[in-house]
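Everything on this sheet refers to the single structure shown next.
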Amino acid sequence: MTNATRCLIAGNWKMNGILQESLDFVKELQANPAPEHVEVALMPPFTLLHSLADSFSEKDVRLGAQSMYCEVSGAFTGSISPMMLRDAGCHYVILGHSERRDIMHEGNTLIRKKLDVAWSHGLEPILCIGEHLEERESGRTNEVLKEQLSVLADVNTGVSLTVAYEPVWAIGTGKTASPEQVKETHAFVHEELSRLGHDCRVLYGGSVNPNNAAELLACDGVDGALVGGASLKADSFMKIIEAAAETA
Ligand code: PEP
């Protein structure tokens, strides 16, 4: 851990989860509460936010959304606003996830608008950054991350913010960055954040699972994990929380 805040284990369910499954998940998680020094958050699909908010207290599990639009209300069919997310009990919102960047073509201008509207509505963004395989292989990782972090230029230093470093080639592929790559890249991300005036948690994301969580979470500069596939089953998610409890 690089600062005084708690280690965060956040589960991104992506486009998975229906009501009954989520209620079973809640029961299992509630039977095994995380220790005080580990913060747990879940990002279910929008349709499950209200029901999960009714099931958990914010003290036990914080809720987040996987995305949102950059306007508060109006004629934006199919979109969800920061105000609606607050109303549904969200603390966090994931912004800049590589699936949104690559599939929905979201770029820095839109991400910055979303960051500003998230902050003005009391949401804490989890800003995802990460390089593609060809960018890593051609030695451009730091250049890409610097460009993605440039959305934080001229942002007030006091804002609530979490960053997630997620190498795109490690997301949903079963490949993870090596501990050396993680340490080196997290050191660069913390350094760049500090140059921009921010001292915040930097999570690692990319095929984190119960077998590799302890090693990844123990790397210098890793302040928690953003977990996709392995957060869908309570059993594997709880094992990652246990690994965090032992290493944090
Ligand atoms: C993610 O979606 O942010 C993620 C890290 O997914 P996975 O753990 O499945 O690689």
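Ligands are numbered from 1 in the order shown, chains are lettered A, B, ... in the order of the structure tokens, and residues start at 1 in each chain.
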
Exercise answer, 6 Å around ligand 1 with only C-alpha atoms and all ligand atoms, as a ChimeraX atom specification = /A:12,170-172,205-208,226-229

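Excluding A:Lys233 itself and any same-chain residue fewer than 5 positions from it, the protein and nucleic acid residues within 10 Å of it, counting only C-alpha atoms, are Trp13, Glu21, Ser22, Asp24, Phe25, Glu28 and Met238 of chain A.
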
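Nearest to A:Phe237 of all the residues A:Gly158, A:Gly11, A:Pro82, A:Gly17 is A:Gly11, based on only C-alpha atoms.
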
task = Pick out each residue of stretch 29-214 of chain A that DSSP on the backbone tags as alpha helix (DSSP H); I need them as number ranges by chain.
result = A: 29-31, 49-55, 82-87, 98-103, 108-120, 133-137, 141-149, 179-195, 213-214

message = Applying 8 Å and only C-alpha atoms, which residues near A:Leu123 remain after dropping the ones on its own chain fewer than 6 positions away? List them as JSON, numbers by chain.
response = {"A": [82, 86, 90, 91, 92, 93]}

With N, CA and C atoms retained, write the just-selected residues as a PDB file, in the first residue's frame.
```pdb
ATOM      1  N   PRO A  82     -25.435  10.641 -13.588  1.00  0.00           N
ATOM      2  CA  PRO A  82     -24.793  10.587 -12.265  1.00  0.00           C
ATOM      3  C   PRO A  82     -25.804  10.744 -11.130  1.00  0.00           C
ATOM      4  N   ARG A  86     -26.391   8.168  -7.976  1.00  0.00           N
ATOM      5  CA  ARG A  86     -26.377   8.538  -6.542  1.00  0.00           C
ATOM      6  C   ARG A  86     -27.675   8.064  -5.904  1.00  0.00           C
ATOM      7  N   CYS A  90     -24.986   4.520  -5.373  1.00  0.00           N
ATOM      8  CA  CYS A  90     -23.591   4.353  -5.816  1.00  0.00           C
ATOM      9  C   CYS A  90     -22.642   5.319  -5.112  1.00  0.00           C
ATOM     10  N   HIS A  91     -21.472   4.815  -4.810  1.00  0.00           N
ATOM     11  CA  HIS A  91     -20.358   5.647  -4.346  1.00  0.00           C
ATOM     12  C   HIS A  91     -19.364   5.827  -5.500  1.00  0.00           C
ATOM     13  N   TYR A  92     -19.146   4.734  -6.259  1.00  0.00           N
ATOM     14  CA  TYR A  92     -18.150   4.739  -7.334  1.00  0.00           C
ATOM     15  C   TYR A  92     -18.795   4.733  -8.710  1.00  0.00           C
ATOM     16  N   VAL A  93     -18.021   5.160  -9.704  1.00  0.00           N
ATOM     17  CA  VAL A  93     -18.380   4.912 -11.108  1.00  0.00           C
ATOM     18  C   VAL A  93     -17.084   4.619 -11.861  1.00  0.00           C
TER      19      VAL A  93
END
```

inquiry  = Going by DSSP on the backbone, which residues of stretch 103-193 of chain A come out as strand (DSSP E or B)? List them as a PyMOL selection string.
reply    = chain A and resi 124-129+162-165

Store the residues picked out above in a file with N, CA and C atoms, as a JSON list (two decimals), in the first residue's frame.
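What landed in result.json:
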```json
[["chain", "number", "residue", "atom", "x", "y", "z"],
["A", 124, "GLU", "N", -17.27, 8.91, -6.78],
["A", 124, "GLU", "CA", -15.81, 8.73, -6.88],
["A", 124, "GLU", "C", -15.49, 7.93, -8.14],
["A", 125, "PRO", "N", -14.83, 8.52, -9.13],
["A", 125, "PRO", "CA", -14.50, 7.76, -10.33],
["A", 125, "PRO", "C", -13.39, 6.75, -10.05],
["A", 126, "ILE", "N", -13.51, 5.59, -10.69],
["A", 126, "ILE", "CA", -12.38, 4.66, -10.80],
["A", 126, "ILE", "C", -11.95, 4.78, -12.26],
["A", 127, "LEU", "N", -10.89, 5.53, -12.47],
["A", 127, "LEU", "CA", -10.42, 5.82, -13.84],
["A", 127, "LEU", "C", -9.51, 4.69, -14.30],
["A", 128, "CYS", "N", -9.95, 3.97, -15.35],
["A", 128, "CYS", "CA", -9.15, 2.85, -15.86],
["A", 128, "CYS", "C", -8.22, 3.31, -16.97],
["A", 129, "ILE", "N", -7.00, 2.84, -16.88],
["A", 129, "ILE", "CA", -6.01, 3.13, -17.92],
["A", 129, "ILE", "C", -5.28, 1.82, -18.24],
["A", 162, "THR", "N", -9.90, 7.15, -7.66],
["A", 162, "THR", "CA", -9.12, 5.91, -7.66],
["A", 162, "THR", "C", -8.75, 5.66, -9.11],
["A", 163, "VAL", "N", -7.55, 5.16, -9.33],
["A", 163, "VAL", "CA", -7.11, 4.81, -10.70],
["A", 163, "VAL", "C", -6.94, 3.30, -10.74],
["A", 164, "ALA", "N", -7.29, 2.68, -11.86],
["A", 164, "ALA", "CA", -7.03, 1.24, -12.03],
["A", 164, "ALA", "C", -6.14, 1.06, -13.24],
["A", 165, "TYR", "N", -4.96, 0.47, -13.01],
["A", 165, "TYR", "CA", -4.09, 0.12, -14.14],
["A", 165, "TYR", "C", -4.49, -1.28, -14.62]]
```

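Across the structure, atom CA of A:Ser150 and atom CA of A:Val117 are spaced 17.1 Å apart.
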
query = Of the candidates A:Met104, A:Ala53, A:Ala213, A:Ala218, which shows the shortest atom-to-atom distance to A:Ser236, using only C-alpha atoms?
reply = A:Ala213

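For the residues A:Ala243, A:Leu149, A:Val61, A:Val189, ranking by smallest atom-to-atom distance to A:Pro33 using only C-alpha atoms places A:Val61 first.
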
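Counting only C-alpha atoms, the residue from A:Glu39, A:Glu71, A:Glu166, A:Glu99 that sits nearest to A:Glu58 is A:Glu39.
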
Quick one: everything within 12 Å of A:Ser51, counting only C-alpha atoms, minus sequence neighbours fewer than 5 positions away in the same chain. Send it as a compact mmCIF listing (two decimals) with C-alpha atoms, in the first residue's frame.
```
# COMPACT_ATOMS: atom_id res chain seq x y z
CA ILE A 18 -29.76 -11.34 -12.80
CA LEU A 19 -31.71 -10.75 -9.61
CA GLN A 20 -31.76 -14.24 -8.07
CA GLU A 21 -28.04 -14.83 -8.71
CA SER A 22 -27.20 -11.51 -7.10
CA LEU A 23 -29.32 -12.30 -4.01
CA VAL A 26 -25.18 -11.23 -1.30
CA PRO A 44 -23.20 -4.82 -10.93
CA PRO A 45 -25.29 -3.97 -14.00
CA PHE A 46 -27.54 -0.91 -13.49
CA PHE A 56 -25.78 -4.03 1.88
CA SER A 57 -24.92 -1.16 4.16
CA LEU A 63 -21.65 0.09 -4.78
CA ALA A 88 -29.46 4.15 -6.60
CA GLY A 89 -26.84 4.14 -3.82
CA CYS A 90 -23.59 4.35 -5.82
```

ask   = Using only C-alpha atoms, which of A:Trp169, A:Glu134, A:Pro179, A:Arg101 sits nearest A:Gln148?
value = A:Arg101

Non-local contacts of A:Thr247 (9 Å; only C-alpha atoms; under 5 positions in same chain excluded) as a VMD selection string = chain A and resid 214 to 215 217 to 218 242
